[in-house]
file my_file.txt (compact mmCIF, C-alpha atoms)
# COMPACT_ATOMS: atom_id res chain seq x y z
CA MET A 188 0.00 0.00 0.00
CA GLU A 189 2.85 2.36 0.82
CA VAL A 190 4.39 1.75 -2.58
CA VAL A 191 1.08 2.51 -4.32
CA TRP A 192 0.66 5.67 -2.22
CA ALA A 193 4.21 6.79 -3.05
CA LEU A 194 3.63 6.19 -6.77
CA GLY A 195 0.39 8.13 -6.55
CA GLN A 196 2.18 11.06 -4.94
CA VAL A 197 4.90 11.03 -7.57
CA GLY A 198 2.25 10.92 -10.32
CA ALA A 199 0.35 13.82 -8.77
CA VAL A 200 3.51 15.93 -8.52
CA TRP A 201 4.43 15.04 -12.12
CA VAL A 202 1.02 16.07 -13.48
CA ALA A 203 1.02 19.28 -11.39
CA VAL A 204 4.45 20.26 -12.71
CA VAL A 205 3.45 19.51 -16.31
CA LEU A 206 0.20 21.46 -15.97
CA GLY A 207 1.79 24.41 -14.21
CA LEU A 208 5.00 24.81 -16.20
CA ILE A 209 3.97 23.66 -19.69
CA VAL A 210 0.24 23.21 -20.29
CA LEU A 211 -0.99 26.45 -18.70
CA PRO A 212 1.64 28.68 -20.38
CA SER A 213 0.91 26.90 -23.69
CA ALA A 214 -2.81 27.55 -23.34
CA LEU A 215 -2.13 31.23 -22.69
CA GLY A 216 0.33 31.46 -25.58
CA ILE A 217 3.28 32.48 -23.40
CA SER A 218 6.70 30.98 -22.75
CA LEU A 219 8.60 30.65 -19.49
CA GLY A 220 11.89 30.29 -21.35
CA ILE A 221 12.26 26.56 -20.66
CA SER A 222 12.08 25.62 -24.37
CA GLU A 223 14.56 28.34 -25.28
CA ALA A 224 17.03 27.14 -22.64
CA TYR A 225 16.62 23.53 -23.77
CA MET A 226 17.27 24.48 -27.41
CA TRP A 227 20.34 26.51 -26.42
CA VAL A 228 21.85 23.55 -24.54
CA LEU A 229 20.94 21.24 -27.43
CA VAL A 230 22.54 23.44 -30.07
CA LYS A 231 25.74 23.82 -28.04
CA THR A 232 25.90 20.05 -27.49
CA LEU A 233 25.45 19.27 -31.19
CA GLU A 234 28.07 21.87 -32.11
CA TRP A 235 30.53 20.27 -29.67
CA ALA A 236 29.73 16.80 -31.08
CA THR A 237 30.32 18.05 -34.63
CA ILE A 238 33.73 19.44 -33.64
CA ARG A 239 34.65 16.14 -31.98
CA LEU A 240 33.63 14.27 -35.13
CA GLN A 241 35.74 16.55 -37.29
CA LYS A 242 38.77 16.09 -35.04
CA GLY A 243 38.26 12.35 -35.02
CA ALA A 244 38.00 12.27 -38.80
CA LYS A 245 41.50 13.82 -39.07
CA LYS A 246 43.02 10.91 -37.16
CA PRO A 247 44.11 7.83 -39.16
CA GLN A 248 41.16 5.47 -39.27
CA PRO A 249 41.04 1.89 -40.54
CA GLN A 250 39.95 1.80 -44.15
CA MET A 251 36.22 1.10 -44.34
CA PRO A 252 33.96 1.03 -47.39
CA ARG A 253 32.28 4.39 -47.70
CA THR A 254 28.68 4.78 -48.61
CA PRO A 255 28.08 7.83 -50.78
CA THR A 256 25.36 10.23 -49.88
CA ALA A 257 22.01 10.21 -51.62
CA ASN A 258 23.06 12.98 -53.98
CA GLY A 259 25.81 12.89 -56.59
CA ILE A 260 26.01 9.16 -57.32
CA ILE A 261 25.30 9.80 -60.98
CA GLU A 262 26.08 12.87 -63.02
CA ARG A 263 23.06 13.18 -65.23
CA ASP A 264 23.19 14.74 -68.68
CA GLU A 265 19.93 16.43 -69.60
CA THR A 266 20.71 16.28 -73.34
CA PRO A 267 17.55 15.37 -75.32
CA MET A 268 17.22 11.79 -76.55
CA GLU A 269 17.53 12.75 -80.21
CA LYS A 270 20.90 14.50 -79.71
CA GLU A 271 22.33 11.73 -77.55
CA ILE A 272 21.42 9.03 -80.06
CA ALA A 273 22.79 11.15 -82.88
CA LEU A 274 26.16 11.20 -81.06
CA LEU A 275 26.31 7.40 -81.20
CA HIS A 276 26.10 6.55 -84.92
CA GLY A 277 23.71 9.05 -86.42
CA ALA A 278 19.95 9.45 -86.28
CA ASP A 279 19.18 6.38 -88.42
CA PHE A 280 18.25 3.20 -86.61
CA GLU A 281 21.28 1.34 -85.27
CA PHE A 282 21.58 -1.48 -82.74
CA SER A 283 23.86 0.81 -80.79
CA HIS A 284 20.79 2.88 -79.87
CA ILE A 285 20.01 0.30 -77.21
CA PHE A 286 22.98 1.58 -75.21
CA TYR A 287 21.15 4.86 -74.62
CA PHE A 288 18.11 3.10 -73.20
CA CYS A 289 20.28 0.68 -71.19
CA ARG A 290 22.14 3.59 -69.60
CA LYS A 291 18.90 5.33 -68.70
CA GLY A 292 17.63 2.09 -67.19
CA PHE A 293 20.79 1.62 -65.09
CA GLU A 294 20.55 5.22 -63.89
CA ALA A 295 16.95 4.66 -62.79
CA ILE A 296 17.90 1.47 -60.93
CA VAL A 297 20.92 2.95 -59.13
CA GLU A 298 19.52 6.38 -58.33
CA ASP A 299 16.24 7.59 -59.72
CA GLU A 300 15.01 11.02 -58.72
CA VAL A 301 11.65 9.77 -57.40
CA THR A 302 12.07 6.89 -54.93
CA GLN A 303 14.94 8.62 -53.12
CA ARG A 304 12.41 11.31 -52.13
CA PHE A 305 10.60 8.67 -50.06
CA SER A 306 13.51 7.94 -47.73
CA SER A 307 14.97 10.11 -44.98
CA GLU A 308 17.43 12.72 -46.16
CA GLU A 309 21.07 12.03 -45.32
CA LEU A 310 22.68 14.16 -42.61
CA LEU A 311 26.03 15.85 -43.12
CA SER A 312 26.93 15.34 -39.44
CA TRP A 313 25.82 12.97 -36.70
CA ASN A 314 23.05 14.45 -34.55
CA LEU A 315 23.54 11.97 -31.66
CA LEU A 316 20.31 10.19 -32.59
CA THR A 317 21.23 7.47 -35.05
CA ARG A 318 24.33 6.72 -37.05
CA THR A 319 22.83 7.29 -40.48
CA ASN A 320 26.22 7.22 -42.21
CA VAL A 321 28.96 4.56 -41.98
CA ASN A 322 31.49 7.35 -41.39
CA PHE A 323 30.00 7.90 -37.91
CA HIS A 324 31.99 5.32 -35.96
CA TYR A 325 33.59 5.36 -32.53
CA ILE A 326 35.44 8.68 -32.17
CA SER A 327 36.08 9.19 -28.47
CA LEU A 328 34.96 8.05 -25.04
CA ARG A 329 33.48 11.47 -24.24
CA LEU A 330 31.31 11.46 -27.36
CA THR A 331 30.06 7.98 -26.55
CA VAL A 332 29.24 9.02 -22.97
CA VAL A 333 27.29 12.04 -24.26
CA TRP A 334 25.36 9.77 -26.63
CA VAL A 335 24.46 7.38 -23.78
CA ILE A 336 23.34 10.30 -21.61
CA GLY A 337 21.24 11.51 -24.53
CA VAL A 338 19.53 8.11 -24.83
CA ILE A 339 18.68 8.18 -21.12
CA VAL A 340 17.33 11.74 -21.33
CA ARG A 341 15.26 11.06 -24.45
CA TYR A 342 13.70 7.79 -23.31
CA CYS A 343 13.47 8.27 -19.55
CA PHE A 344 12.49 11.96 -19.38
CA LEU A 345 11.46 13.44 -22.72
CA LEU A 346 9.36 10.46 -23.87
CA PRO A 347 7.18 10.27 -20.69
CA LEU A 348 6.83 14.06 -20.70
CA ARG A 349 5.78 14.17 -24.34
CA VAL A 350 3.35 11.27 -23.97
CA THR A 351 1.76 13.06 -21.01
CA LEU A 352 1.43 16.31 -22.98
CA ALA A 353 0.04 14.48 -26.02
CA ALA A 354 -2.56 12.72 -23.85
CA ILE A 355 -3.58 16.05 -22.28
CA GLY A 356 -3.76 17.76 -25.68
CA ILE A 357 -5.81 15.03 -27.36
CA THR A 358 -8.17 14.66 -24.39
CA SER A 359 -8.65 18.42 -24.23
CA MET A 360 -9.37 18.50 -27.96
CA ILE A 361 -12.04 15.78 -27.72
CA VAL A 362 -13.70 17.17 -24.58
CA GLY A 363 -13.48 20.81 -25.64
CA THR A 364 -14.83 20.38 -29.18
CA THR A 365 -17.59 18.06 -27.96
CA ALA A 366 -18.70 20.67 -25.41
CA VAL A 367 -18.54 23.54 -27.92
CA GLY A 368 -20.41 21.42 -30.46
CA GLN A 369 -23.46 21.41 -28.20
CA LEU A 370 -23.87 25.17 -28.59
CA PRO A 371 -26.14 26.63 -31.30
CA ASN A 372 -24.43 28.03 -34.38
CA SER A 373 -23.35 31.58 -33.64
CA SER A 374 -20.30 33.82 -33.55
CA VAL A 375 -19.72 32.78 -29.92
CA LYS A 376 -19.54 29.10 -30.93
CA ASN A 377 -17.08 29.91 -33.74
CA TYR A 378 -14.91 31.93 -31.34
CA LEU A 379 -14.85 29.20 -28.69
CA SER A 380 -14.11 26.58 -31.34
CA GLU A 381 -11.07 28.55 -32.52
CA VAL A 382 -9.88 28.99 -28.93
CA VAL A 383 -10.12 25.23 -28.28
CA HIS A 384 -8.32 24.33 -31.51
CA LEU A 385 -5.52 26.84 -30.95
CA THR A 386 -5.05 25.90 -27.31
CA CYS A 387 -4.89 22.16 -27.98
CA SER A 388 -2.58 22.63 -30.98
CA ARG A 389 -0.16 24.62 -28.82
CA ILE A 390 -0.11 21.84 -26.23
CA LEU A 391 0.54 19.23 -28.95
CA VAL A 392 3.38 21.33 -30.35
CA ARG A 393 4.93 21.40 -26.88
CA ALA A 394 4.54 17.60 -26.84
CA LEU A 395 6.89 17.57 -29.84
CA SER A 396 9.29 20.10 -28.30
CA GLY A 397 8.40 22.15 -31.34
CA THR A 398 10.28 25.32 -32.21
CA ILE A 399 8.51 26.94 -35.15
CA HIS A 400 9.46 30.15 -36.90
CA TYR A 401 6.60 31.77 -38.83
CA HIS A 402 7.53 34.27 -41.54
CA ASN A 403 5.42 36.90 -43.35
CA LYS A 404 2.41 36.57 -41.07
CA GLU A 405 0.63 39.30 -43.01
CA ASN A 406 0.02 36.64 -45.69
CA ARG A 407 -1.73 34.19 -43.38
CA PRO A 408 -4.73 32.43 -44.99
CA ARG A 409 -8.06 34.17 -44.52
CA LYS A 410 -11.61 32.88 -44.28
CA GLY A 411 -13.14 31.77 -47.54
CA GLY A 412 -9.74 30.81 -48.98
CA ILE A 413 -7.75 27.65 -49.58
CA CYS A 414 -4.39 27.03 -47.89
CA VAL A 415 -2.08 24.66 -49.78
CA ALA A 416 1.28 23.46 -48.44
CA ASN A 417 3.97 20.91 -49.17
CA HIS A 418 3.59 17.71 -47.19
CA THR A 419 6.32 16.06 -45.11
CA SER A 420 4.57 14.64 -42.07
CA PRO A 421 1.16 14.16 -40.41
CA ILE A 422 2.26 16.81 -37.91
CA ASP A 423 2.21 19.43 -40.70
CA ALA A 424 -1.39 20.16 -39.76
CA ILE A 425 -0.47 20.69 -36.09
CA ILE A 426 2.40 22.97 -37.10
CA LEU A 427 0.01 25.19 -39.07
CA THR A 428 -2.92 25.14 -36.63
CA ASN A 429 -0.53 26.30 -33.91
CA ASP A 430 -0.65 29.72 -35.61
CA GLY A 431 -4.22 29.77 -36.94
CA CYS A 432 -7.38 27.74 -37.39
CA TYR A 433 -8.25 25.76 -40.52
CA ALA A 434 -10.98 23.49 -41.79
CA MET A 435 -9.40 20.12 -42.46
CA VAL A 436 -10.14 17.96 -45.47
CA GLY A 437 -9.66 14.22 -45.38
CA GLN A 438 -11.00 10.70 -45.26
CA VAL A 439 -13.01 9.36 -42.35
CA HIS A 440 -10.90 7.08 -40.13
CA GLY A 441 -11.61 4.66 -37.32
CA GLY A 442 -10.04 4.25 -33.91
CA LEU A 443 -8.66 7.23 -32.00
CA MET A 444 -8.42 9.34 -35.17
CA GLY A 445 -12.08 8.67 -35.86
CA ILE A 446 -13.04 9.78 -32.35
CA ILE A 447 -11.12 13.04 -32.84
CA GLN A 448 -12.71 13.62 -36.25
CA ARG A 449 -16.26 13.10 -34.96
CA ALA A 450 -15.62 15.42 -32.00
CA THR A 451 -13.97 18.24 -33.94
CA VAL A 452 -16.52 18.33 -36.76
CA LYS A 453 -19.21 19.21 -34.22
CA ALA A 454 -17.43 22.44 -33.35
CA CYS A 455 -15.73 23.30 -36.65
CA PRO A 456 -16.85 22.80 -40.28
CA HIS A 457 -14.19 20.26 -41.21
CA VAL A 458 -14.84 18.34 -44.43
CA TRP A 459 -14.56 14.60 -43.83
CA PHE A 460 -15.34 12.11 -46.62
CA GLU A 461 -16.29 8.46 -46.47
CA ARG A 462 -14.05 6.09 -48.39
CA SER A 463 -16.68 5.70 -51.14
CA GLU A 464 -17.25 9.47 -51.38
CA ILE A 465 -13.61 10.50 -51.68
CA LYS A 466 -13.35 8.56 -54.97
CA ASP A 467 -16.19 10.69 -56.39
CA ARG A 468 -14.25 13.66 -57.69
CA HIS A 469 -17.35 15.70 -58.52
CA LEU A 470 -18.81 15.23 -55.04
CA VAL A 471 -15.56 16.31 -53.41
CA THR A 472 -15.30 19.40 -55.61
CA LYS A 473 -18.92 20.33 -54.93
CA ARG A 474 -18.56 20.17 -51.14
CA LEU A 475 -15.32 22.14 -51.18
CA ARG A 476 -16.83 24.82 -53.43
CA GLU A 477 -19.77 25.18 -51.05
CA HIS A 478 -17.35 25.63 -48.17
CA VAL A 479 -15.25 28.24 -49.98
CA ALA A 480 -18.35 30.14 -51.08
CA ASP A 481 -19.19 30.83 -47.42
CA LYS A 482 -16.78 33.63 -46.47
CA SER A 483 -17.54 33.14 -42.77
CA LYS A 484 -15.98 29.66 -42.72
CA LEU A 485 -12.36 28.93 -41.92
CA PRO A 486 -9.88 28.50 -44.77
CA ILE A 487 -9.51 24.95 -46.05
CA LEU A 488 -6.15 23.26 -45.46
CA ILE A 489 -5.08 20.93 -48.30
CA PHE A 490 -1.85 19.08 -49.06
CA PRO A 491 -2.04 18.68 -52.86
CA GLU A 492 0.85 16.19 -53.12
CA GLY A 493 -1.38 13.57 -51.50
CA THR A 494 1.53 11.85 -49.70
CA CYS A 495 4.53 12.68 -47.54
CA ILE A 496 7.78 13.70 -49.27
CA ASN A 497 11.13 13.68 -47.46
CA ASN A 498 11.62 17.40 -46.77
CA THR A 499 13.92 17.87 -49.78
CA SER A 500 11.45 18.23 -52.64
CA VAL A 501 8.00 19.24 -53.78
CA MET A 502 6.34 16.79 -56.14
CA MET A 503 3.36 17.13 -58.46
CA PHE A 504 0.31 18.95 -57.08
CA LYS A 505 -2.97 17.27 -57.94
CA LYS A 506 -5.14 19.70 -59.87
CA GLY A 507 -8.37 19.09 -57.93
CA SER A 508 -7.52 21.66 -55.27
CA PHE A 509 -7.06 24.30 -57.96
CA GLU A 510 -10.36 23.68 -59.76
CA ILE A 511 -12.45 24.79 -56.80
CA GLY A 512 -11.97 28.52 -57.34
CA GLY A 513 -11.30 31.19 -54.76
CA THR A 514 -8.01 32.51 -53.44
CA ILE A 515 -5.08 30.17 -52.90
CA TYR A 516 -2.77 30.87 -49.94
CA PRO A 517 0.51 28.97 -50.50
CA VAL A 518 2.56 27.92 -47.48
CA ALA A 519 6.08 26.47 -47.51
CA ILE A 520 7.20 24.21 -44.64
CA LYS A 521 10.84 23.24 -44.17
CA TYR A 522 12.04 21.12 -41.22
CA ASP A 523 15.54 21.19 -39.77
CA PRO A 524 16.69 17.52 -39.86
CA GLN A 525 19.53 18.20 -37.42
CA PHE A 526 17.17 17.92 -34.45
CA GLY A 527 14.91 15.15 -35.67
CA ASP A 528 13.56 13.54 -38.82
CA ALA A 529 9.96 14.69 -39.31
CA PHE A 530 9.42 12.73 -42.54
CA TRP A 531 6.94 9.85 -42.31
CA ASN A 532 7.86 6.95 -44.54
CA SER A 533 4.50 5.22 -44.35
CA SER A 534 5.80 2.32 -46.44
CA LYS A 535 8.35 1.51 -43.73
CA TYR A 536 6.80 2.65 -40.43
CA ASN A 537 3.26 2.52 -39.13
CA ILE A 538 1.87 5.56 -37.34
CA VAL A 539 2.74 4.22 -33.86
CA SER A 540 6.39 3.56 -34.78
CA TYR A 541 6.59 6.96 -36.45
CA LEU A 542 5.23 8.79 -33.40
CA LEU A 543 7.69 6.91 -31.18
CA ARG A 544 10.56 8.08 -33.41
CA ILE A 545 9.27 11.65 -33.29
CA MET A 546 8.82 11.68 -29.53
CA THR A 547 12.29 10.27 -28.91
CA SER A 548 14.02 12.81 -31.16
CA TRP A 549 15.60 15.95 -29.77
CA ALA A 550 13.00 18.38 -31.06
CA ILE A 551 10.96 19.40 -34.08
CA VAL A 552 12.35 22.61 -35.54
CA CYS A 553 10.94 24.12 -38.71
CA ASN A 554 10.33 27.29 -40.67
CA VAL A 555 6.94 28.23 -42.09
CA TRP A 556 6.63 30.85 -44.81
CA TYR A 557 3.27 32.40 -45.69
CA LEU A 558 3.42 33.36 -49.35
CA PRO A 559 1.34 36.13 -50.99
CA PRO A 560 -2.15 34.93 -52.06
CA MET A 561 -2.51 33.70 -55.63
CA VAL A 562 -5.52 33.51 -57.97
CA ARG A 563 -5.99 31.62 -61.19
CA LYS A 564 -5.42 33.66 -64.34
CA GLU A 565 -7.98 33.78 -67.14
CA ASP A 566 -5.71 32.01 -69.66
CA GLU A 567 -4.52 29.42 -67.12
CA ASP A 568 -5.90 25.93 -66.61
CA ALA A 569 -5.89 24.08 -63.27
CA VAL A 570 -2.66 22.17 -64.02
CA GLN A 571 -0.75 25.33 -64.96
CA PHE A 572 -2.05 27.10 -61.86
CA ALA A 573 -1.02 24.15 -59.66
CA ASN A 574 2.47 24.16 -61.17
CA ARG A 575 2.82 27.91 -60.59
CA VAL A 576 1.85 27.55 -56.92
CA ARG A 577 4.18 24.57 -56.51
CA SER A 578 7.08 26.53 -57.99
CA ALA A 579 6.50 29.39 -55.56
CA ILE A 580 6.47 27.00 -52.57
CA ALA A 581 9.59 25.16 -53.75
CA HIS A 582 11.51 28.39 -54.34
CA GLN A 583 10.64 29.83 -50.94
CA GLY A 584 11.36 26.63 -49.00
CA GLY A 585 14.60 25.86 -50.83
CA LEU A 586 13.12 22.59 -52.08
CA THR A 587 13.69 20.71 -55.34
CA GLU A 588 10.75 20.90 -57.73
CA LEU A 589 9.86 17.58 -59.37
CA PRO A 590 7.08 16.94 -61.93
CA TRP A 591 6.44 13.36 -60.75
CA ASP A 592 3.29 12.16 -59.02
CA GLY A 593 3.79 11.30 -55.36
CA GLY A 594 1.52 8.32 -55.96
CA LEU A 595 4.62 6.54 -57.30
CA LYS A 596 5.42 5.94 -53.63
CA ARG A 597 3.02 3.00 -53.77
CA ALA A 598 2.16 2.53 -57.45
CA LYS A 599 4.10 1.69 -60.59
CA VAL A 600 4.84 4.15 -63.36
CA LYS A 601 1.85 4.54 -65.66
CA ASP A 602 2.09 2.88 -69.06
CA THR A 603 1.46 6.26 -70.67
CA PHE A 604 4.92 7.44 -69.52
CA LYS A 605 6.57 4.45 -71.20
CA GLU A 606 4.47 4.87 -74.34
CA GLU A 607 5.47 8.52 -74.53
CA GLN A 608 9.17 7.59 -74.75
CA GLN A 609 8.39 4.97 -77.40
CA LYS A 610 6.43 7.50 -79.43
CA ASN A 611 9.24 10.05 -79.23
CA TYR A 612 11.74 7.48 -80.52
CA SER A 613 9.48 6.30 -83.35
CA LYS A 614 8.75 9.90 -84.40
CA MET A 615 12.48 10.55 -84.59
CA LEU A 616 13.01 7.53 -86.85
CA VAL A 617 10.09 8.45 -89.11
CA ARG A 618 11.30 12.02 -89.36
CA ASN A 619 14.76 10.88 -90.43
CA GLY A 620 13.49 8.34 -92.96
CA SER A 621 14.62 5.24 -91.09
CA VAL A 622 11.07 3.90 -91.04
CA GLY A 623 8.43 3.96 -93.75
call {"tool": "encode", "arguments": {"input": "my_file.txt", "output": "structure tokens"}}
result
Amino acid sequence: MEVVWALGQVGAVWVAVVLGLIVLPSALGISLGISEAYMWVLVKTLEWATIRLQKGAKKPQPQMPRTPTANGIIERDETPMEKEIALLHGADFEFSHIFYFCRKGFEAIVEDEVTQRFSSEELLSWNLLTRTNVNFHYISLRLTVVWVIGVIVRYCFLLPLRVTLAAIGITSMIVGTTAVGQLPNSSVKNYLSEVVHLTCSRILVRALSGTIHYHNKENRPRKGGICVANHTSPIDAIILTNDGCYAMVGQVHGGLMGIIQRATVKACPHVWFERSEIKDRHLVTKRLREHVADKSKLPILIFPEGTCINNTSVMMFKKGSFEIGGTIYPVAIKYDPQFGDAFWNSSKYNIVSYLLRIMTSWAIVCNVWYLPPMVRKEDEDAVQFANRVRSAIAHQGGLTELPWDGGLKRAKVKDTFKEEQQKNYSKMLVRNGSVG
């Protein structure tokens, strides 16, 4: 009994400290300086570790096979197919033409520019989390001791603290939105709903030890508009709702996520679709247009890529978000991988494993840029508009712009892409008289 009583006392003190020093200041939107002090110590520690690694690298080390980084394995030549084949033995058909296609095939196997966007970006220096590069071997006893201390801090202190904050934030979200949802529709209900969403989002950001820098706040999305952003992680939505309220768009889920969806939609006009409905493109467009037409409703938050990309690139934006009409508010999100990998590789980790990785990282640090609002031009179709918005986001976030569909993360390349290359080659032969 004494042990149970002692554990109860420890638990009560723990909850009181968390509520008093973290949850309450988060709810009020103020900081006691704890996060700033933690980040200062963390930065200094990582800087010291980097210096130790550099000193250790200068010492003679046993020769080990080196793994090259994800970039620079192949030097690609962007010369058009027709010119490259002409350099072989002329433009007429020759068996030597197969070498061009073989080389392109080998390049795609060794390092294609699509699948590498679905794996975590390589770090230039060890961040004391995982040895993601074979060059990060034993350097010194002090560095190893610091790493062990870091493991103890992350798993024995930060993880319980973050789980506690996440539980408080999620519970507050469900209880708060359910209570607000009982009120009749009015400006008071909308105000209370925004307060609940902002408060709970701030608590959840603290659960991630989030340090977020928002730039150009004068361009923040406004009601009746559509906010589009590049997509790296499920926490992108929390990062954005920490600074403003949005109406979410997505598929209805079960389990804990389903409970949260059913609670929040009572207080806020989120747009949730059943699995059968989300395949009906016209139905989705109709509901979103109705939402945008009501200028009193919160801006819609959409991630047009449709899947998570590894924080280095922006891939093809699906045009559906740009056919709705209204004002588009682009947002660029860029995470700092030095403190933790925010990318969710859903093909490798389930959501529980991913959240465990996030909550045992040092912190989530990112920059968010609000770009000037954009509208579709009269001579511009939805695809061109989507590409223009994507280019603006990629340029601002320092991300690589790729024309490929993020759906290639789980699907094969469409036959139309292969047929296009075949058609280009046959047209070249016909044009040069080799065929016909």
call {"tool": "residues_around", "arguments": {"input": "my_file.txt", "residues": "Ile447 of chain A", "least_positions_apart": "3", "cutoff": "6 Å", "atoms": "all atoms listed in the file", "output": "list in words"}}
result
Ile361, Met444 and Ala450 of chain A
call {"tool": "closest_residue", "arguments": {"input": "my_file.txt", "among": "A:Ile399, A:Val439, A:Leu586, A:Ala480", "to": "Cys553 of chain A", "atoms": "only C-alpha atoms"}}
result
A:Ile399
call {"tool": "closest_residue", "arguments": {"input": "my_file.txt", "among": "A:Val200, A:Val230, A:Leu385, A:Ala579", "to": "Val518 of chain A", "atoms": "all atoms listed in the file"}}
result
A:Ala579
call {"tool": "closest_residue", "arguments": {"input": "my_file.txt", "among": "A:Arg474, A:Lys535, A:Lys506, A:Lys610", "to": "Arg575 of chain A", "atoms": "all atoms listed in the file"}}
result
A:Lys506
call {"tool": "atom_distance", "arguments": {"input": "my_file.txt", "atom1": "atom CA of Glu565 of chain A", "atom2": "atom CA of Phe509 of chain A"}}
result
13.2 Å
call {"tool": "atom_distance", "arguments": {"input": "my_file.txt", "atom1": "atom CA of Ile357 of chain A", "atom2": "atom CA of Ala529 of chain A"}}
result
19.8 Å
call {"tool": "atom_distance", "arguments": {"input": "my_file.txt", "atom1": "atom CA of Pro456 of chain A", "atom2": "atom CA of Ser483 of chain A"}}
result
10.7 Å
call {"tool": "closest_residue", "arguments": {"input": "my_file.txt", "among": "A:Asn314, A:Ser222, A:Ser388, A:Asn429", "to": "Ala353 of chain A", "atoms": "only C-alpha atoms"}}
result
A:Ser388
